[in-house]
file query.pdb (PDB, C-alpha atoms and all ligand atoms)
ATOM      1  CA  MET A   1      35.245  19.112  -7.594
ATOM      2  CA  THR A   2      31.970  18.903  -5.758
ATOM      3  CA  GLU A   3      31.654  17.905  -2.117
ATOM      4  CA  CYS A   4      28.340  16.111  -2.558
ATOM      5  CA  LYS A   5      28.762  12.345  -3.001
ATOM      6  CA  HIS A   6      25.658  12.066  -5.169
ATOM      7  CA  CYS A   7      26.535  15.084  -7.356
ATOM      8  CA  GLU A   8      29.932  13.477  -7.904
ATOM      9  CA  VAL A   9      28.360  10.216  -9.115
ATOM     10  CA  ILE A  10      26.090  12.210 -11.430
ATOM     11  CA  SER A  11      28.945  14.247 -12.905
ATOM     12  CA  LYS A  12      31.162  11.184 -13.385
ATOM     13  CA  LYS A  13      28.208   9.156 -14.729
ATOM     14  CA  GLU A  14      29.135   6.218 -12.509
ATOM     15  CA  ASN A  15      26.892   3.126 -12.707
ATOM     16  CA  LEU A  16      24.058   5.138 -14.274
ATOM     17  CA  VAL A  17      21.024   3.137 -15.304
ATOM     18  CA  TYR A  18      18.844   6.101 -16.304
ATOM     19  CA  GLU A  19      19.176   9.842 -16.892
ATOM     20  CA  ASP A  20      17.172  12.718 -18.324
ATOM     21  CA  ASN A  21      17.243  16.480 -17.837
ATOM     22  CA  GLU A  22      15.804  16.281 -14.306
ATOM     23  CA  ILE A  23      16.254  12.773 -12.901
ATOM     24  CA  VAL A  24      19.207  10.394 -12.689
ATOM     25  CA  ALA A  25      19.324   6.785 -11.437
ATOM     26  CA  PHE A  26      22.386   4.750 -10.567
ATOM     27  CA  LEU A  27      23.227   1.438  -8.940
ATOM     28  CA  SER A  28      24.103   1.863  -5.265
ATOM     29  CA  LYS A  29      27.743   1.274  -4.329
ATOM     30  CA  GLU A  30      26.524   0.100  -0.912
ATOM     31  CA  PRO A  31      23.522  -2.007  -1.913
ATOM     32  CA  ALA A  32      21.020  -3.425   0.558
ATOM     33  CA  SER A  33      20.351  -6.136  -2.051
ATOM     34  CA  ILE A  34      21.227  -6.970  -5.655
ATOM     35  CA  GLY A  35      19.815  -4.292  -7.961
ATOM     36  CA  HIS A  36      19.531  -1.541  -5.292
ATOM     37  CA  ILE A  37      19.061   1.635  -7.348
ATOM     38  CA  ILE A  38      19.215   5.265  -6.208
ATOM     39  CA  ILE A  39      16.895   7.657  -8.068
ATOM     40  CA  LEU A  40      17.443  11.374  -7.504
ATOM     41  CA  PRO A  41      17.153  14.891  -8.904
ATOM     42  CA  ARG A  42      20.023  15.975 -11.167
ATOM     43  CA  GLU A  43      20.057  19.344  -9.396
ATOM     44  CA  HIS A  44      21.452  19.329  -5.874
ATOM     45  CA  ARG A  45      18.412  19.364  -3.564
ATOM     46  CA  THR A  46      19.014  18.625   0.096
ATOM     47  CA  ILE A  47      15.555  17.438   1.113
ATOM     48  CA  LEU A  48      12.308  16.435  -0.579
ATOM     49  CA  GLU A  49      10.661  19.787   0.138
ATOM     50  CA  GLN A  50      13.267  21.559  -2.015
ATOM     51  CA  MET A  51      12.392  19.586  -5.138
ATOM     52  CA  THR A  52      10.020  20.985  -7.735
ATOM     53  CA  THR A  53       6.666  19.266  -8.186
ATOM     54  CA  SER A  54       7.837  18.145 -11.629
ATOM     55  CA  GLU A  55      10.988  16.541 -10.199
ATOM     56  CA  ILE A  56       9.046  14.771  -7.447
ATOM     57  CA  SER A  57       6.481  13.408  -9.918
ATOM     58  CA  LYS A  58       9.149  12.272 -12.323
ATOM     59  CA  MET A  59      11.275  10.704  -9.587
ATOM     60  CA  PHE A  60       8.345   8.518  -8.594
ATOM     61  CA  VAL A  61       7.378   7.656 -12.169
ATOM     62  CA  ILE A  62      10.970   6.638 -13.022
ATOM     63  CA  SER A  63      11.226   4.654  -9.786
ATOM     64  CA  ASN A  64       8.072   2.783 -10.679
ATOM     65  CA  LYS A  65       9.350   1.975 -14.191
ATOM     66  CA  LEU A  66      12.709   0.800 -12.846
ATOM     67  CA  SER A  67      10.898  -1.272 -10.238
ATOM     68  CA  ALA A  68       8.831  -2.904 -13.000
ATOM     69  CA  ALA A  69      12.006  -3.534 -15.011
ATOM     70  CA  GLU A  70      13.615  -5.219 -12.010
ATOM     71  CA  PHE A  71      10.598  -7.454 -11.457
ATOM     72  CA  GLY A  72      11.012  -8.680 -15.011
ATOM     73  CA  SER A  73      14.773  -9.105 -14.956
ATOM     74  CA  LEU A  74      15.575 -10.207 -11.396
ATOM     75  CA  GLY A  75      12.569 -12.387 -10.553
ATOM     76  CA  LEU A  76      11.642 -10.453  -7.416
ATOM     77  CA  GLY A  77       9.011 -10.927  -4.755
ATOM     78  CA  GLY A  78       8.662  -7.166  -4.178
ATOM     79  CA  THR A  79      10.417  -3.810  -4.012
ATOM     80  CA  ASN A  80      10.739  -1.128  -1.318
ATOM     81  CA  LEU A  81      10.766   2.517  -2.386
ATOM     82  CA  ILE A  82      12.244   4.573   0.419
ATOM     83  CA  VAL A  83      13.142   8.240   0.890
ATOM     84  CA  ASN A  84      15.072   9.019   4.072
ATOM     85  CA  ASN A  85      14.015  12.658   4.296
ATOM     86  CA  GLY A  86      16.291  14.490   6.721
ATOM     87  CA  VAL A  87      19.091  13.430   9.054
ATOM     88  CA  ALA A  88      16.613  12.313  11.752
ATOM     89  CA  ALA A  89      15.134   9.923   9.184
ATOM     90  CA  GLY A  90      18.479   8.323   8.470
ATOM     91  CA  GLN A  91      19.504  10.433   5.462
ATOM     92  CA  GLU A  92      23.272  10.089   5.079
ATOM     93  CA  VAL A  93      24.003  12.112   1.923
ATOM     94  CA  PRO A  94      22.599  15.668   1.854
ATOM     95  CA  HIS A  95      21.141  15.180  -1.638
ATOM     96  CA  VAL A  96      17.606  13.797  -1.576
ATOM     97  CA  ALA A  97      17.245  10.322  -3.082
ATOM     98  CA  MET A  98      14.736   7.522  -3.520
ATOM     99  CA  HIS A  99      16.080   4.043  -2.802
ATOM    100  CA  LEU A 100      14.618   1.228  -4.884
ATOM    101  CA  ILE A 101      15.411  -1.952  -2.984
ATOM    102  CA  PRO A 102      14.582  -5.281  -4.630
ATOM    103  CA  ARG A 103      13.157  -7.930  -2.267
ATOM    104  CA  MET A 104      13.362 -11.646  -2.766
ATOM    105  CA  GLN A 105      10.349 -13.931  -2.652
ATOM    106  CA  GLN A 106      11.933 -16.447  -0.307
ATOM    107  CA  GLY A 107      12.990 -13.904   2.346
ATOM    108  CA  ASP A 108      16.235 -11.926   2.320
ATOM    109  CA  ASN A 109      16.773 -11.013   5.990
ATOM    110  CA  LEU A 110      16.384  -7.298   5.305
ATOM    111  CA  LYS A 111      14.701  -5.714   8.311
ATOM    112  CA  LEU A 112      12.577  -2.658   7.522
ATOM    113  CA  GLU A 113       9.652  -3.421   9.809
ATOM    114  CA  TRP A 114       8.690  -1.555  12.965
ATOM    115  CA  GLN A 115       6.586  -2.291  16.034
ATOM    116  CA  PRO A 116       3.354  -0.232  16.023
ATOM    117  CA  LYS A 117       3.333   2.432  18.770
ATOM    118  CA  GLN A 118       0.481   2.677  21.228
ATOM    119  CA  LEU A 119      -0.741   6.306  21.216
ATOM    120  CA  SER A 120      -3.122   7.811  23.733
ATOM    121  CA  GLU A 121      -6.461   9.199  22.510
ATOM    122  CA  GLU A 122      -5.140  12.702  23.231
ATOM    123  CA  GLU A 123      -2.006  12.170  21.150
ATOM    124  CA  LYS A 124      -4.095  10.810  18.289
ATOM    125  CA  SER A 125      -6.525  13.710  18.268
ATOM    126  CA  ILE A 126      -3.781  16.363  18.510
ATOM    127  CA  ALA A 127      -1.980  14.796  15.526
ATOM    128  CA  GLU A 128      -5.234  14.619  13.556
ATOM    129  CA  ILE A 129      -6.199  18.251  14.221
ATOM    130  CA  LYS A 130      -2.743  19.585  13.336
ATOM    131  CA  LEU A 131      -2.448  17.497  10.194
ATOM    132  CA  LYS A 132      -5.924  18.343   8.948
ATOM    133  CA  GLU A 133      -5.188  22.033   9.402
ATOM    134  CA  GLY A 134      -1.941  21.740   7.418
ATOM    135  CA  ALA A 135      -3.448  19.504   4.760
ATOM    136  CA  SER A 136      -6.320  21.928   4.135
ATOM    137  CA  LYS A 137      -3.778  24.389   2.690
ATOM    138  CA  ILE A 138      -2.450  21.996   0.081
ATOM    139  CA  MET A 139      -3.200  23.152  -3.438
ATOM    140  CA  ILE A 140      -1.988  21.256  -6.465
ATOM    141  CA  GLY A 141      -2.702  22.401  -9.994
ATOM    142  CA  THR A 142      -6.361  23.266 -10.484
ATOM    143  CA  ALA A 143      -7.764  20.854  -7.930
ATOM    144  CA  HIS A 144      -9.105  23.771  -5.899
ATOM    145  CA  LYS A 145     -11.257  26.404  -7.560
ATOM    146  CA  ARG A 146     -10.140  29.986  -7.240
ATOM    147  CA  GLU A 147     -12.790  32.490  -6.257
ATOM    148  CA  VAL A 148     -13.823  34.931  -8.954
ATOM    149  CA  VAL A 149     -15.026  38.344  -7.794
ATOM    150  CA  VAL A 150     -17.427  40.243 -10.036
ATOM    151  CA  LYS A 151     -17.186  44.015  -9.690
ATOM    152  CA  ASP A 152     -19.912  46.553 -10.492
ATOM    153  CA  ASP A 153     -18.761  46.888 -14.088
ATOM    154  CA  GLN A 154     -19.242  43.111 -14.496
ATOM    155  CA  THR A 155     -15.577  42.482 -15.219
ATOM    156  CA  PRO A 156     -14.639  39.336 -13.356
ATOM    157  CA  ILE A 157     -11.522  39.664 -11.271
ATOM    158  CA  VAL A 158      -9.613  36.446 -10.903
ATOM    159  CA  PRO A 159      -7.294  36.405  -7.909
ATOM    160  CA  GLU A 160      -3.616  36.503  -8.715
ATOM    161  CA  GLU A 161      -2.389  33.254 -10.223
ATOM    162  CA  ARG A 162      -0.823  31.152  -7.546
ATOM    163  CA  SER A 163       0.704  27.884  -8.599
ATOM    164  CA  GLY A 164       0.343  24.891  -6.303
ATOM    165  CA  GLU A 165       4.084  24.618  -6.143
ATOM    166  CA  ASN A 166       4.755  28.136  -4.889
ATOM    167  CA  TYR A 167       1.912  27.847  -2.460
ATOM    168  CA  LEU A 168       3.341  24.653  -1.038
ATOM    169  CA  GLU A 169       6.801  26.140  -0.736
ATOM    170  CA  LYS A 170       5.398  29.123   1.090
ATOM    171  CA  ASP A 171       3.379  27.149   3.585
ATOM    172  CA  PHE A 172       5.651  24.208   4.166
ATOM    173  CA  GLU A 173       9.014  25.891   3.984
ATOM    174  CA  ARG A 174      11.588  23.876   5.833
ATOM    175  CA  ILE A 175      15.266  24.500   6.382
ATOM    176  CA  PRO A 176      17.328  21.326   6.129
TER
HETATM  177 ZN    ZN A 201      24.328  16.815  -4.584
END
call {"tool": "encode", "arguments": {"input": "query.pdb", "output": "structure tokens"}}
result
Amino acid sequence: MTECKHCEVISKKENLVYEDNEIVAFLSKEPASIGHIIILPREHRTILEQMTTSEISKMFVISNKLSAAEFGSLGLGGTNLIVNNGVAAGQEVPHVAMHLIPRMQQGDNLKLEWQPKQLSEEEKSIAEIKLKEGASKIMIGTAHKREVVVKDDQTPIVPEERSGENYLEKDFERIP
């Protein structure tokens, strides 16, 4: 018997609408609206940063397909795709999940809006500097070229293979 609410749903296959080897989707037992679906990794991952790049990509692709399916079947005005990443962000179950929330054309009284905050110029520039520094270390796939060193004997030395995923985990490690 597992203690994780989401792992339990996955193992019991309750209200599943989609499953493959990495991603599972089920209808929420506490829906914000009709057709509220929860899409999540099959493996227990506490927060987004613990998921593999493949799981994250697939979770979004499946969410998009389910969203499209709901547009066709429920006659929606829109959908919200939300990940509450961490307790401070409102995450209630310690198993990361994407919420696909159908929205009705004529208004459905769901309140997800916020009032824009007024930041000082100093606050804005500090955030920009810190984020740019962090973002400059992001490497995904082969988007960034690796430097090739040519030694005297003309044998090119390619730096040790470093996958984008490992690199990200190393630099953005976060304990839930
Ligand atoms: Zn779990």
call {"tool": "resolve_selection", "arguments": {"input": "query.pdb", "expression": "the PyMOL selection byres (((not hetatm)) within 12 of (chain A and resi 201))", "output": "list in words"}}
result
Met1, Thr2, Glu3, Cys4, Lys5, His6, Cys7, Glu8, Val9, Ile10, Ser11, Val24, Leu40, Pro41, Arg42, Glu43, His44, Arg45, Thr46, Ile47, Glu92, Val93, Pro94, His95, Val96 and Ala97 of chain A
call {"tool": "residues_around", "arguments": {"input": "query.pdb", "residues": "Lys65 in chain A", "least_positions_apart": "5", "cutoff": "12 Å", "atoms": "all atoms listed in the file", "output": "VMD selection string"}}
result
chain A and resid 17 to 18 25 37 39 58 to 60 70 to 72 79 81 100
call {"tool": "closest_residue", "arguments": {"input": "query.pdb", "among": "A:Asn80, A:Met98, A:Leu27, A:Glu14", "to": "Lys111 in chain A", "atoms": "only C-alpha atoms"}}
result
A:Asn80
call {"tool": "closest_residue", "arguments": {"input": "query.pdb", "among": "A:Ile129, A:Leu76, A:Ile34, A:Ala88", "to": "Gln106 in chain A", "atoms": "all atoms listed in the file"}}
result
A:Leu76
call {"tool": "atom_distance", "arguments": {"input": "query.pdb", "atom1": "CA of Gly77 in chain A", "atom2": "CA of Lys117 in chain A"}}
result
27.6 Å
call {"tool": "closest_residue", "arguments": {"input": "query.pdb", "among": "A:Gln50, A:Leu74, A:Lys13, A:Lys137", "to": "Arg103 in chain A", "atoms": "only C-alpha atoms"}}
result
A:Leu74
call {"tool": "atom_distance", "arguments": {"input": "query.pdb", "atom1": "CA of Ile82 in chain A", "atom2": "CA of Ile101 in chain A"}}
result
8.0 Å
call {"tool": "build_atoms", "arguments": {"input": "query.pdb", "residues": "range 104-115 of chain A", "atoms": "all heavy atoms", "output": "PDB file, keeping the file's coordinate frame"}}
result
ATOM      1  N   MET A 104      13.481 -10.281  -2.256  1.00  0.00           N
ATOM      2  CA  MET A 104      13.362 -11.646  -2.766  1.00  0.00           C
ATOM      3  C   MET A 104      12.148 -12.365  -2.181  1.00  0.00           C
ATOM      4  O   MET A 104      11.791 -12.156  -1.027  1.00  0.00           O
ATOM      5  CB  MET A 104      14.641 -12.441  -2.446  1.00  0.00           C
ATOM      6  CG  MET A 104      15.870 -11.911  -3.152  1.00  0.00           C
ATOM      7  SD  MET A 104      15.630 -11.911  -4.943  1.00  0.00           S
ATOM      8  CE  MET A 104      16.660 -10.540  -5.439  1.00  0.00           C
ATOM      9  N   GLN A 105      11.542 -13.192  -3.023  1.00  0.00           N
ATOM     10  CA  GLN A 105      10.349 -13.931  -2.652  1.00  0.00           C
ATOM     11  C   GLN A 105      10.559 -14.789  -1.401  1.00  0.00           C
ATOM     12  O   GLN A 105       9.733 -14.819  -0.501  1.00  0.00           O
ATOM     13  CB  GLN A 105       9.954 -14.839  -3.832  1.00  0.00           C
ATOM     14  CG  GLN A 105       8.583 -15.464  -3.723  1.00  0.00           C
ATOM     15  CD  GLN A 105       7.505 -14.502  -4.209  1.00  0.00           C
ATOM     16  OE1 GLN A 105       7.534 -14.075  -5.353  1.00  0.00           O
ATOM     17  NE2 GLN A 105       6.572 -14.171  -3.346  1.00  0.00           N
ATOM     18  N   GLN A 106      11.701 -15.451  -1.369  1.00  0.00           N
ATOM     19  CA  GLN A 106      11.933 -16.447  -0.307  1.00  0.00           C
ATOM     20  C   GLN A 106      12.476 -15.866   0.990  1.00  0.00           C
ATOM     21  O   GLN A 106      12.895 -16.592   1.876  1.00  0.00           O
ATOM     22  CB  GLN A 106      12.866 -17.572  -0.825  1.00  0.00           C
ATOM     23  CG  GLN A 106      14.281 -17.135  -1.154  1.00  0.00           C
ATOM     24  CD  GLN A 106      14.420 -16.526  -2.551  1.00  0.00           C
ATOM     25  OE1 GLN A 106      13.442 -16.105  -3.160  1.00  0.00           O
ATOM     26  NE2 GLN A 106      15.632 -16.466  -3.059  1.00  0.00           N
ATOM     27  N   GLY A 107      12.483 -14.523   1.118  1.00  0.00           N
ATOM     28  CA  GLY A 107      12.990 -13.904   2.346  1.00  0.00           C
ATOM     29  C   GLY A 107      14.460 -13.577   2.166  1.00  0.00           C
ATOM     30  O   GLY A 107      15.232 -14.378   1.643  1.00  0.00           O
ATOM     31  N   ASP A 108      14.853 -12.361   2.563  1.00  0.00           N
ATOM     32  CA  ASP A 108      16.235 -11.926   2.320  1.00  0.00           C
ATOM     33  C   ASP A 108      16.874 -11.321   3.566  1.00  0.00           C
ATOM     34  O   ASP A 108      17.934 -10.708   3.490  1.00  0.00           O
ATOM     35  CB  ASP A 108      16.269 -10.923   1.162  1.00  0.00           C
ATOM     36  CG  ASP A 108      15.226  -9.816   1.331  1.00  0.00           C
ATOM     37  OD1 ASP A 108      14.776  -9.589   2.480  1.00  0.00           O
ATOM     38  OD2 ASP A 108      14.854  -9.196   0.331  1.00  0.00           O
ATOM     39  N   ASN A 109      16.225 -11.496   4.710  1.00  0.00           N
ATOM     40  CA  ASN A 109      16.773 -11.013   5.990  1.00  0.00           C
ATOM     41  C   ASN A 109      16.969  -9.504   6.072  1.00  0.00           C
ATOM     42  O   ASN A 109      17.718  -9.020   6.910  1.00  0.00           O
ATOM     43  CB  ASN A 109      18.103 -11.713   6.317  1.00  0.00           C
ATOM     44  CG  ASN A 109      17.882 -13.169   6.620  1.00  0.00           C
ATOM     45  OD1 ASN A 109      16.909 -13.522   7.274  1.00  0.00           O
ATOM     46  ND2 ASN A 109      18.766 -14.025   6.124  1.00  0.00           N
ATOM     47  N   LEU A 110      16.323  -8.758   5.193  1.00  0.00           N
ATOM     48  CA  LEU A 110      16.384  -7.298   5.305  1.00  0.00           C
ATOM     49  C   LEU A 110      15.296  -6.872   6.292  1.00  0.00           C
ATOM     50  O   LEU A 110      14.143  -7.243   6.134  1.00  0.00           O
ATOM     51  CB  LEU A 110      16.098  -6.653   3.949  1.00  0.00           C
ATOM     52  CG  LEU A 110      17.281  -6.160   3.139  1.00  0.00           C
ATOM     53  CD1 LEU A 110      16.774  -5.567   1.832  1.00  0.00           C
ATOM     54  CD2 LEU A 110      18.084  -5.135   3.906  1.00  0.00           C
ATOM     55  N   LYS A 111      15.675  -6.105   7.282  1.00  0.00           N
ATOM     56  CA  LYS A 111      14.701  -5.714   8.311  1.00  0.00           C
ATOM     57  C   LYS A 111      14.285  -4.254   8.155  1.00  0.00           C
ATOM     58  O   LYS A 111      15.049  -3.355   8.459  1.00  0.00           O
ATOM     59  CB  LYS A 111      15.299  -5.937   9.704  1.00  0.00           C
ATOM     60  CG  LYS A 111      15.606  -7.398  10.004  1.00  0.00           C
ATOM     61  CD  LYS A 111      14.380  -8.123  10.572  1.00  0.00           C
ATOM     62  CE  LYS A 111      14.648  -9.590  10.818  1.00  0.00           C
ATOM     63  NZ  LYS A 111      14.559 -10.446   9.616  1.00  0.00           N
ATOM     64  N   LEU A 112      13.074  -4.027   7.669  1.00  0.00           N
ATOM     65  CA  LEU A 112      12.577  -2.658   7.522  1.00  0.00           C
ATOM     66  C   LEU A 112      11.287  -2.460   8.319  1.00  0.00           C
ATOM     67  O   LEU A 112      10.649  -1.440   8.229  1.00  0.00           O
ATOM     68  CB  LEU A 112      12.312  -2.350   6.043  1.00  0.00           C
ATOM     69  CG  LEU A 112      13.519  -2.442   5.093  1.00  0.00           C
ATOM     70  CD1 LEU A 112      13.066  -2.362   3.653  1.00  0.00           C
ATOM     71  CD2 LEU A 112      14.534  -1.360   5.389  1.00  0.00           C
ATOM     72  N   GLU A 113      10.922  -3.488   9.084  1.00  0.00           N
ATOM     73  CA  GLU A 113       9.652  -3.421   9.809  1.00  0.00           C
ATOM     74  C   GLU A 113       9.803  -2.651  11.126  1.00  0.00           C
ATOM     75  O   GLU A 113      10.901  -2.484  11.627  1.00  0.00           O
ATOM     76  CB  GLU A 113       9.130  -4.835  10.123  1.00  0.00           C
ATOM     77  CG  GLU A 113       8.760  -5.655   8.908  1.00  0.00           C
ATOM     78  CD  GLU A 113       9.970  -6.275   8.220  1.00  0.00           C
ATOM     79  OE1 GLU A 113      11.031  -6.380   8.872  1.00  0.00           O
ATOM     80  OE2 GLU A 113       9.865  -6.629   7.039  1.00  0.00           O
ATOM     81  N   TRP A 114       8.679  -2.197  11.651  1.00  0.00           N
ATOM     82  CA  TRP A 114       8.690  -1.555  12.965  1.00  0.00           C
ATOM     83  C   TRP A 114       7.509  -2.063  13.784  1.00  0.00           C
ATOM     84  O   TRP A 114       6.526  -2.568  13.253  1.00  0.00           O
ATOM     85  CB  TRP A 114       8.622  -0.040  12.848  1.00  0.00           C
ATOM     86  CG  TRP A 114       7.413   0.474  12.121  1.00  0.00           C
ATOM     87  CD1 TRP A 114       6.179   0.720  12.649  1.00  0.00           C
ATOM     88  CD2 TRP A 114       7.329   0.780  10.727  1.00  0.00           C
ATOM     89  NE1 TRP A 114       5.335   1.170  11.661  1.00  0.00           N
ATOM     90  CE2 TRP A 114       6.019   1.215  10.474  1.00  0.00           C
ATOM     91  CE3 TRP A 114       8.246   0.733   9.674  1.00  0.00           C
ATOM     92  CZ2 TRP A 114       5.588   1.593   9.191  1.00  0.00           C
ATOM     93  CZ3 TRP A 114       7.816   1.111   8.404  1.00  0.00           C
ATOM     94  CH2 TRP A 114       6.505   1.542   8.179  1.00  0.00           C
ATOM     95  N   GLN A 115       7.660  -1.922  15.117  1.00  0.00           N
ATOM     96  CA  GLN A 115       6.586  -2.291  16.034  1.00  0.00           C
ATOM     97  C   GLN A 115       5.608  -1.119  16.128  1.00  0.00           C
ATOM     98  O   GLN A 115       6.039   0.004  16.398  1.00  0.00           O
ATOM     99  CB  GLN A 115       7.157  -2.563  17.437  1.00  0.00           C
ATOM    100  CG  GLN A 115       7.907  -3.880  17.556  1.00  0.00           C
ATOM    101  CD  GLN A 115       6.983  -5.073  17.390  1.00  0.00           C
ATOM    102  OE1 GLN A 115       5.861  -5.066  17.897  1.00  0.00           O
ATOM    103  NE2 GLN A 115       7.430  -6.072  16.642  1.00  0.00           N
TER     104      GLN A 115
END
